>>> print(open('start_32.txt').read())   # compact mmCIF, N, CA and C atoms
# COMPACT_ATOMS: atom_id res chain seq x y z
N MET A 1 0.85 -1.18 0.00
CA MET A 1 0.00 0.00 0.00
C MET A 1 0.89 1.24 0.00
N GLY A 2 0.47 2.25 -0.71
CA GLY A 2 1.27 3.46 -0.81
C GLY A 2 1.18 4.32 0.44
N LYS A 3 2.09 5.26 0.50
CA LYS A 3 2.12 6.16 1.65
C LYS A 3 1.18 7.34 1.41
N ILE A 4 0.61 7.80 2.48
CA ILE A 4 -0.26 8.97 2.43
C ILE A 4 0.56 10.14 2.97
N ILE A 5 0.55 11.23 2.25
CA ILE A 5 1.25 12.42 2.72
C ILE A 5 0.21 13.34 3.34
N LYS A 6 0.49 13.75 4.55
CA LYS A 6 -0.44 14.58 5.31
C LYS A 6 0.26 15.88 5.65
N ILE A 7 -0.46 16.97 5.48
CA ILE A 7 0.07 18.28 5.85
C ILE A 7 -0.67 18.73 7.09
N ASP A 8 0.07 19.05 8.13
CA ASP A 8 -0.52 19.54 9.37
C ASP A 8 -1.05 20.95 9.13
N ASP A 9 -2.32 21.15 9.31
CA ASP A 9 -2.95 22.44 9.02
C ASP A 9 -2.51 23.55 9.97
N VAL A 10 -2.11 23.21 11.17
CA VAL A 10 -1.74 24.23 12.15
C VAL A 10 -0.29 24.67 11.97
N GLU A 11 0.63 23.70 11.97
CA GLU A 11 2.05 24.05 11.91
C GLU A 11 2.63 23.98 10.50
N GLY A 12 1.86 23.42 9.57
CA GLY A 12 2.35 23.34 8.20
C GLY A 12 3.37 22.24 7.96
N LYS A 13 3.57 21.34 8.94
CA LYS A 13 4.53 20.25 8.77
C LYS A 13 3.96 19.20 7.83
N VAL A 14 4.85 18.53 7.13
CA VAL A 14 4.45 17.45 6.22
C VAL A 14 4.95 16.15 6.82
N TYR A 15 4.07 15.15 6.87
CA TYR A 15 4.48 13.84 7.35
C TYR A 15 3.71 12.76 6.61
N GLU A 16 4.18 11.52 6.74
CA GLU A 16 3.59 10.41 6.01
C GLU A 16 2.85 9.48 6.95
N LEU A 17 1.78 8.91 6.43
CA LEU A 17 1.03 7.89 7.17
C LEU A 17 1.12 6.59 6.39
N ASP A 18 1.61 5.56 7.02
CA ASP A 18 1.69 4.25 6.37
C ASP A 18 0.54 3.37 6.83
N ASP A 19 -0.11 2.73 5.88
CA ASP A 19 -1.12 1.70 6.16
C ASP A 19 -2.13 2.10 7.22
N TRP A 20 -2.66 3.29 7.16
CA TRP A 20 -3.65 3.73 8.16
C TRP A 20 -5.04 3.19 7.88
N LYS A 21 -5.36 2.95 6.62
CA LYS A 21 -6.71 2.51 6.27
C LYS A 21 -7.11 1.17 6.86
N PRO A 22 -6.31 0.13 6.75
CA PRO A 22 -6.76 -1.17 7.26
C PRO A 22 -7.15 -1.13 8.75
N THR A 23 -6.38 -0.46 9.58
CA THR A 23 -6.68 -0.39 11.01
C THR A 23 -7.95 0.40 11.26
N GLN A 24 -8.05 1.58 10.68
CA GLN A 24 -9.22 2.43 10.90
C GLN A 24 -10.46 1.83 10.26
N ALA A 25 -10.33 1.26 9.09
CA ALA A 25 -11.49 0.67 8.42
C ALA A 25 -12.07 -0.47 9.25
N ASN A 26 -11.20 -1.26 9.87
CA ASN A 26 -11.66 -2.37 10.71
C ASN A 26 -12.40 -1.85 11.93
N GLN A 27 -11.90 -0.79 12.55
CA GLN A 27 -12.56 -0.21 13.72
C GLN A 27 -13.92 0.36 13.34
N VAL A 28 -13.98 1.05 12.22
CA VAL A 28 -15.24 1.64 11.76
C VAL A 28 -16.23 0.53 11.42
N LYS A 29 -15.75 -0.51 10.78
CA LYS A 29 -16.61 -1.64 10.43
C LYS A 29 -17.21 -2.26 11.70
N LYS A 30 -16.39 -2.48 12.71
CA LYS A 30 -16.87 -3.04 13.98
C LYS A 30 -17.92 -2.13 14.61
N TYR A 31 -17.68 -0.82 14.57
CA TYR A 31 -18.62 0.15 15.13
C TYR A 31 -19.98 0.03 14.44
N PHE A 32 -19.99 0.03 13.11
CA PHE A 32 -21.25 -0.03 12.37
C PHE A 32 -21.95 -1.37 12.54
N ILE A 33 -21.20 -2.44 12.62
CA ILE A 33 -21.81 -3.75 12.86
C ILE A 33 -22.48 -3.77 14.22
N GLN A 34 -21.80 -3.24 15.24
CA GLN A 34 -22.37 -3.19 16.59
C GLN A 34 -23.64 -2.33 16.61
N LYS A 35 -23.58 -1.16 15.98
CA LYS A 35 -24.75 -0.27 15.93
C LYS A 35 -25.91 -0.93 15.19
N TYR A 36 -25.59 -1.63 14.10
CA TYR A 36 -26.62 -2.34 13.33
C TYR A 36 -27.32 -3.37 14.21
N HIS A 37 -26.55 -4.14 14.97
CA HIS A 37 -27.14 -5.17 15.84
C HIS A 37 -27.98 -4.54 16.95
N GLU A 38 -27.54 -3.41 17.49
CA GLU A 38 -28.33 -2.70 18.51
C GLU A 38 -29.66 -2.23 17.93
N ILE A 39 -29.62 -1.65 16.74
CA ILE A 39 -30.85 -1.17 16.09
C ILE A 39 -31.76 -2.35 15.72
N GLU A 40 -31.16 -3.41 15.25
CA GLU A 40 -31.93 -4.61 14.89
C GLU A 40 -32.65 -5.17 16.11
N GLU A 41 -31.98 -5.21 17.26
CA GLU A 41 -32.58 -5.71 18.50
C GLU A 41 -33.72 -4.79 18.95
N LYS A 42 -33.50 -3.48 18.88
CA LYS A 42 -34.56 -2.51 19.24
C LYS A 42 -35.76 -2.67 18.31
N TYR A 43 -35.51 -2.89 17.03
CA TYR A 43 -36.59 -3.08 16.06
C TYR A 43 -37.40 -4.33 16.41
N LYS A 44 -36.72 -5.41 16.76
CA LYS A 44 -37.43 -6.64 17.14
C LYS A 44 -38.30 -6.41 18.38
N GLU A 45 -37.75 -5.69 19.37
CA GLU A 45 -38.52 -5.38 20.58
C GLU A 45 -39.74 -4.52 20.23
N LEU A 46 -39.55 -3.52 19.39
CA LEU A 46 -40.63 -2.64 18.98
C LEU A 46 -41.71 -3.41 18.22
N SER A 47 -41.29 -4.30 17.33
CA SER A 47 -42.24 -5.12 16.56
C SER A 47 -43.04 -6.02 17.48
N GLU A 48 -42.37 -6.61 18.46
CA GLU A 48 -43.05 -7.49 19.42
C GLU A 48 -44.05 -6.69 20.26
N ASP A 49 -43.64 -5.52 20.73
CA ASP A 49 -44.55 -4.65 21.49
C ASP A 49 -45.77 -4.28 20.65
N PHE A 50 -45.53 -3.91 19.40
CA PHE A 50 -46.62 -3.53 18.51
C PHE A 50 -47.59 -4.69 18.32
N LYS A 51 -47.03 -5.88 18.08
CA LYS A 51 -47.87 -7.07 17.86
C LYS A 51 -48.79 -7.32 19.04
N TRP A 52 -48.22 -7.31 20.27
CA TRP A 52 -49.04 -7.57 21.46
C TRP A 52 -50.07 -6.46 21.68
N ASN A 53 -49.69 -5.21 21.46
CA ASN A 53 -50.63 -4.11 21.64
C ASN A 53 -51.77 -4.19 20.62
N LYS A 54 -51.48 -4.57 19.41
CA LYS A 54 -52.54 -4.76 18.41
C LYS A 54 -53.48 -5.87 18.84
N ILE A 55 -52.93 -6.98 19.28
CA ILE A 55 -53.76 -8.10 19.74
C ILE A 55 -54.66 -7.65 20.90
N LEU A 56 -54.08 -6.95 21.86
CA LEU A 56 -54.87 -6.52 23.02
C LEU A 56 -55.96 -5.51 22.64
N TYR A 57 -55.62 -4.53 21.82
CA TYR A 57 -56.62 -3.54 21.43
C TYR A 57 -57.70 -4.14 20.51
N ASP A 58 -57.39 -5.25 19.85
CA ASP A 58 -58.38 -5.95 19.03
C ASP A 58 -59.21 -6.94 19.86
N SER A 59 -58.82 -7.15 21.11
CA SER A 59 -59.52 -8.10 21.99
C SER A 59 -60.71 -7.43 22.67
N GLU A 60 -61.58 -8.25 23.19
CA GLU A 60 -62.74 -7.74 23.93
C GLU A 60 -62.29 -7.29 25.32
N ILE A 61 -62.59 -6.03 25.64
CA ILE A 61 -62.28 -5.47 26.96
C ILE A 61 -63.57 -4.80 27.45
N LEU A 62 -64.17 -5.36 28.49
CA LEU A 62 -65.47 -4.88 28.97
C LEU A 62 -65.35 -3.99 30.20
N PHE A 63 -64.19 -3.37 30.39
CA PHE A 63 -63.95 -2.50 31.54
C PHE A 63 -62.89 -1.48 31.15
N VAL A 64 -62.74 -0.46 31.96
CA VAL A 64 -61.69 0.53 31.73
C VAL A 64 -60.46 0.07 32.52
N PRO A 65 -59.37 -0.25 31.83
CA PRO A 65 -58.17 -0.73 32.53
C PRO A 65 -57.58 0.34 33.44
N VAL A 66 -57.03 -0.12 34.55
CA VAL A 66 -56.35 0.76 35.50
C VAL A 66 -54.85 0.63 35.24
N ILE A 67 -54.19 1.76 35.07
CA ILE A 67 -52.75 1.75 34.78
C ILE A 67 -52.00 1.04 35.91
N GLY A 68 -51.10 0.13 35.53
CA GLY A 68 -50.25 -0.56 36.48
C GLY A 68 -50.83 -1.85 37.04
N LYS A 69 -52.10 -2.13 36.78
CA LYS A 69 -52.73 -3.35 37.27
C LYS A 69 -52.50 -4.47 36.26
N VAL A 70 -52.34 -5.70 36.74
CA VAL A 70 -52.11 -6.84 35.86
C VAL A 70 -53.43 -7.39 35.34
N TYR A 71 -53.47 -7.59 34.02
CA TYR A 71 -54.63 -8.19 33.35
C TYR A 71 -54.16 -9.41 32.57
N HIS A 72 -55.11 -10.29 32.30
CA HIS A 72 -54.78 -11.57 31.67
C HIS A 72 -55.56 -11.73 30.38
N LEU A 73 -54.84 -12.14 29.35
CA LEU A 73 -55.44 -12.32 28.03
C LEU A 73 -55.78 -13.80 27.83
N TYR A 74 -57.00 -14.04 27.38
CA TYR A 74 -57.48 -15.40 27.15
C TYR A 74 -58.05 -15.51 25.74
N LYS A 75 -58.15 -16.77 25.29
CA LYS A 75 -58.79 -17.04 24.01
C LYS A 75 -59.91 -18.05 24.25
N LYS A 76 -61.08 -17.73 23.70
CA LYS A 76 -62.23 -18.64 23.80
C LYS A 76 -62.15 -19.70 22.70
N LYS A 77 -63.00 -20.71 22.80
CA LYS A 77 -63.03 -21.78 21.79
C LYS A 77 -63.33 -21.24 20.40
N ASP A 78 -64.11 -20.14 20.33
CA ASP A 78 -64.45 -19.56 19.02
C ASP A 78 -63.34 -18.64 18.49
N ASP A 79 -62.16 -18.70 19.12
CA ASP A 79 -60.96 -17.93 18.74
C ASP A 79 -61.04 -16.44 19.07
N LYS A 80 -62.07 -16.00 19.76
CA LYS A 80 -62.14 -14.60 20.19
C LYS A 80 -61.30 -14.43 21.45
N ARG A 81 -60.58 -13.33 21.49
CA ARG A 81 -59.73 -13.03 22.65
C ARG A 81 -60.43 -12.03 23.55
N PHE A 82 -60.16 -12.15 24.87
CA PHE A 82 -60.69 -11.18 25.82
C PHE A 82 -59.71 -10.97 26.95
N LEU A 83 -59.77 -9.78 27.54
CA LEU A 83 -58.91 -9.42 28.66
C LEU A 83 -59.72 -9.53 29.94
N SER A 84 -59.07 -10.04 30.99
CA SER A 84 -59.78 -10.27 32.24
C SER A 84 -58.91 -9.93 33.44
N LEU A 85 -59.58 -9.57 34.54
CA LEU A 85 -58.90 -9.39 35.82
C LEU A 85 -58.62 -10.73 36.49
N ILE A 86 -59.33 -11.75 36.10
CA ILE A 86 -59.23 -13.06 36.74
C ILE A 86 -57.94 -13.74 36.30
N ALA A 87 -57.12 -14.09 37.28
CA ALA A 87 -55.84 -14.75 37.02
C ALA A 87 -56.06 -16.17 36.53
N PRO A 88 -55.13 -16.71 35.77
CA PRO A 88 -55.28 -18.06 35.22
C PRO A 88 -55.53 -19.14 36.28
N ASP A 89 -54.87 -19.01 37.42
CA ASP A 89 -55.05 -20.04 38.46
C ASP A 89 -56.34 -19.85 39.25
N ASP A 90 -57.08 -18.75 39.03
CA ASP A 90 -58.35 -18.52 39.70
C ASP A 90 -59.54 -19.08 38.91
N TRP A 91 -59.33 -19.38 37.64
CA TRP A 91 -60.39 -19.98 36.85
C TRP A 91 -60.60 -21.41 37.33
N SER A 92 -61.85 -21.83 37.34
CA SER A 92 -62.06 -23.27 37.51
C SER A 92 -61.55 -23.89 36.22
N LYS A 93 -61.27 -25.10 36.20
CA LYS A 93 -60.67 -25.74 35.02
C LYS A 93 -61.62 -25.65 33.82
N ASN A 94 -61.78 -24.47 33.32
CA ASN A 94 -62.67 -24.18 32.21
C ASN A 94 -61.96 -24.55 30.90
N LYS A 95 -62.46 -25.52 30.22
CA LYS A 95 -61.85 -26.00 28.98
C LYS A 95 -62.17 -25.09 27.79
N ASP A 96 -63.12 -24.17 27.98
CA ASP A 96 -63.52 -23.28 26.89
C ASP A 96 -62.64 -22.04 26.79
N VAL A 97 -61.71 -21.87 27.73
CA VAL A 97 -60.87 -20.68 27.79
C VAL A 97 -59.41 -21.09 27.91
N ASN A 98 -58.57 -20.49 27.05
CA ASN A 98 -57.13 -20.75 27.10
C ASN A 98 -56.38 -19.47 27.45
N TYR A 99 -55.53 -19.58 28.46
CA TYR A 99 -54.69 -18.45 28.87
C TYR A 99 -53.62 -18.20 27.82
N ILE A 100 -53.39 -16.91 27.48
CA ILE A 100 -52.36 -16.55 26.49
C ILE A 100 -51.17 -15.89 27.18
N ALA A 101 -51.43 -14.77 27.89
CA ALA A 101 -50.35 -14.02 28.54
C ALA A 101 -50.94 -12.98 29.47
N SER A 102 -50.06 -12.34 30.27
CA SER A 102 -50.49 -11.29 31.20
C SER A 102 -49.80 -9.98 30.84
N PHE A 103 -50.50 -8.86 31.16
CA PHE A 103 -50.04 -7.54 30.74
C PHE A 103 -50.37 -6.49 31.78
N LYS A 104 -49.58 -5.41 31.72
CA LYS A 104 -49.87 -4.18 32.48
C LYS A 104 -49.88 -3.05 31.47
N GLN A 105 -50.70 -2.05 31.75
CA GLN A 105 -50.74 -0.87 30.89
C GLN A 105 -49.95 0.25 31.55
N ASP A 106 -49.13 0.95 30.76
CA ASP A 106 -48.35 2.05 31.33
C ASP A 106 -49.07 3.38 31.12
N SER A 107 -48.45 4.48 31.53
CA SER A 107 -49.09 5.79 31.49
C SER A 107 -49.37 6.29 30.07
N ARG A 108 -48.77 5.66 29.08
CA ARG A 108 -49.03 6.03 27.68
C ARG A 108 -50.10 5.13 27.06
N GLN A 109 -50.74 4.30 27.90
CA GLN A 109 -51.74 3.32 27.46
C GLN A 109 -51.13 2.22 26.58
N LYS A 110 -49.85 2.01 26.72
CA LYS A 110 -49.16 0.92 26.01
C LYS A 110 -49.16 -0.30 26.91
N TRP A 111 -49.54 -1.43 26.34
CA TRP A 111 -49.55 -2.68 27.11
C TRP A 111 -48.15 -3.28 27.13
N ASN A 112 -47.72 -3.73 28.31
CA ASN A 112 -46.41 -4.37 28.47
C ASN A 112 -46.62 -5.78 29.02
N LYS A 113 -46.03 -6.74 28.35
CA LYS A 113 -46.16 -8.12 28.77
C LYS A 113 -45.41 -8.32 30.09
N VAL A 114 -46.01 -9.06 31.01
CA VAL A 114 -45.39 -9.34 32.30
C VAL A 114 -45.40 -10.86 32.52
N GLU A 115 -44.46 -11.30 33.31
CA GLU A 115 -44.40 -12.72 33.65
C GLU A 115 -45.47 -13.05 34.69
N TYR A 116 -46.13 -14.16 34.50
CA TYR A 116 -47.12 -14.61 35.46
C TYR A 116 -46.96 -16.12 35.59
N ASP A 117 -46.63 -16.57 36.78
CA ASP A 117 -46.44 -18.01 37.02
C ASP A 117 -47.79 -18.66 37.30
N ILE A 118 -48.10 -19.65 36.51
CA ILE A 118 -49.36 -20.38 36.70
C ILE A 118 -49.14 -21.52 37.66
>>> encode(input="start_32.txt", output="structure tokens")
Amino acid sequence: MGKIIKIDDVEGKVYELDDWKPTQANQVKKYFIQKYHEIEEKYKELSEDFKWNKILYDSEILFVPVIGKVYHLYKKKDDKRFLSLIAPDDWSKNKDVNYIASFKQDSRQKWNKVEYDI
């Protein structure tokens, strides 16, 4: 690889840089790969949040949700979904209802999936 001649803008000195591109190019490449993976992960999280919020807003909700309270999403035999205050372990063994997941709503009215041990 050829030498790069650089002129110092402040002092006017001239000097040479040998093989600077391979080192810097590799660092820049690593930076962009890392940033790409970070953005890709955020996109996956955003897509997952959107999917669950669409499902919940398309489900039957017969009450006004209280922010911060845990609600449970179920599916009926006819494939209709509904949100309930009743926890999965509080249902009698109802075969007509299948538990899907549990959620809390935040101050922006966005539903957030929460862990619920059955």
>>> select_by_dssp(input="start_32.txt", residues="segment 9-104 of chain A", states="helix (DSSP H, G or I)", output="number ranges by chain")
A: 20-58, 88-90
>>> residues_around(input="start_32.txt", residues="segment 65-72 of chain A", least_positions_apart="5", cutoff="7 Å", atoms="all atoms listed in the file", output="PDB file with N, CA and C atoms, in the frame of the given file")
ATOM      1  N   PHE A  82     -60.160 -12.150  24.870  1.00  0.00           N
ATOM      2  CA  PHE A  82     -60.690 -11.180  25.820  1.00  0.00           C
ATOM      3  C   PHE A  82     -59.710 -10.970  26.950  1.00  0.00           C
ATOM      4  N   LEU A  83     -59.770  -9.780  27.540  1.00  0.00           N
ATOM      5  CA  LEU A  83     -58.910  -9.420  28.660  1.00  0.00           C
ATOM      6  C   LEU A  83     -59.720  -9.530  29.940  1.00  0.00           C
ATOM      7  N   SER A  84     -59.070 -10.040  30.990  1.00  0.00           N
ATOM      8  CA  SER A  84     -59.780 -10.270  32.240  1.00  0.00           C
ATOM      9  C   SER A  84     -58.910  -9.930  33.440  1.00  0.00           C
ATOM     10  N   LEU A  85     -59.580  -9.570  34.540  1.00  0.00           N
ATOM     11  CA  LEU A  85     -58.900  -9.390  35.820  1.00  0.00           C
ATOM     12  C   LEU A  85     -58.620 -10.730  36.490  1.00  0.00           C
ATOM     13  N   ILE A  86     -59.330 -11.750  36.100  1.00  0.00           N
ATOM     14  CA  ILE A  86     -59.230 -13.060  36.740  1.00  0.00           C
ATOM     15  C   ILE A  86     -57.940 -13.740  36.300  1.00  0.00           C
ATOM     16  N   ALA A  87     -57.120 -14.090  37.280  1.00  0.00           N
ATOM     17  CA  ALA A  87     -55.840 -14.750  37.020  1.00  0.00           C
ATOM     18  C   ALA A  87     -56.060 -16.170  36.530  1.00  0.00           C
ATOM     19  N   PRO A  88     -55.130 -16.710  35.770  1.00  0.00           N
ATOM     20  CA  PRO A  88     -55.280 -18.060  35.220  1.00  0.00           C
ATOM     21  C   PRO A  88     -55.530 -19.140  36.280  1.00  0.00           C
ATOM     22  N   TYR A  99     -55.530 -19.580  28.460  1.00  0.00           N
ATOM     23  CA  TYR A  99     -54.690 -18.450  28.870  1.00  0.00           C
ATOM     24  C   TYR A  99     -53.620 -18.200  27.820  1.00  0.00           C
ATOM     25  N   ILE A 100     -53.390 -16.910  27.480  1.00  0.00           N
ATOM     26  CA  ILE A 100     -52.360 -16.550  26.490  1.00  0.00           C
ATOM     27  C   ILE A 100     -51.170 -15.890  27.180  1.00  0.00           C
ATOM     28  N   ALA A 101     -51.430 -14.770  27.890  1.00  0.00           N
ATOM     29  CA  ALA A 101     -50.350 -14.020  28.540  1.00  0.00           C
ATOM     30  C   ALA A 101     -50.940 -12.980  29.470  1.00  0.00           C
ATOM     31  N   SER A 102     -50.060 -12.340  30.270  1.00  0.00           N
ATOM     32  CA  SER A 102     -50.490 -11.290  31.200  1.00  0.00           C
ATOM     33  C   SER A 102     -49.800  -9.980  30.840  1.00  0.00           C
ATOM     34  N   PHE A 103     -50.500  -8.860  31.160  1.00  0.00           N
ATOM     35  CA  PHE A 103     -50.040  -7.540  30.740  1.00  0.00           C
ATOM     36  C   PHE A 103     -50.370  -6.490  31.780  1.00  0.00           C
ATOM     37  N   LYS A 104     -49.580  -5.410  31.720  1.00  0.00           N
ATOM     38  CA  LYS A 104     -49.870  -4.180  32.480  1.00  0.00           C
ATOM     39  C   LYS A 104     -49.880  -3.050  31.470  1.00  0.00           C
ATOM     40  N   GLN A 105     -50.700  -2.050  31.750  1.00  0.00           N
ATOM     41  CA  GLN A 105     -50.740  -0.870  30.890  1.00  0.00           C
ATOM     42  C   GLN A 105     -49.950   0.250  31.550  1.00  0.00           C
ATOM     43  N   ASP A 106     -49.130   0.950  30.760  1.00  0.00           N
ATOM     44  CA  ASP A 106     -48.350   2.050  31.330  1.00  0.00           C
ATOM     45  C   ASP A 106     -49.070   3.380  31.120  1.00  0.00           C
ATOM     46  N   SER A 107     -48.450   4.480  31.530  1.00  0.00           N
ATOM     47  CA  SER A 107     -49.090   5.790  31.490  1.00  0.00           C
ATOM     48  C   SER A 107     -49.370   6.290  30.070  1.00  0.00           C
TER      49      SER A 107
END
>>> closest_residue(input="start_32.txt", among="A:Gln24, A:Ile39, A:Asp117, A:Lys110", to="Trp52 of chain A", atoms="only C-alpha atoms")
A:Lys110
>>> atom_distance(input="start_32.txt", atom1="atom CA of Val97 of chain A", atom2="atom N of Lys76 of chain A")
5.0 Å
>>> closest_residue(input="start_32.txt", among="A:Arg81, A:Asp90, A:Asp49, A:Gln27", to="Ile61 of chain A", atoms="all atoms listed in the file")
A:Arg81
>>> atom_distance(input="start_32.txt", atom1="atom CA of Lys42 of chain A", atom2="atom CA of Arg108 of chain A")
18.8 Å
>>> atom_distance(input="start_32.txt", atom1="atom N of Lys95 of chain A", atom2="atom C of Phe50 of chain A")
28.2 Å
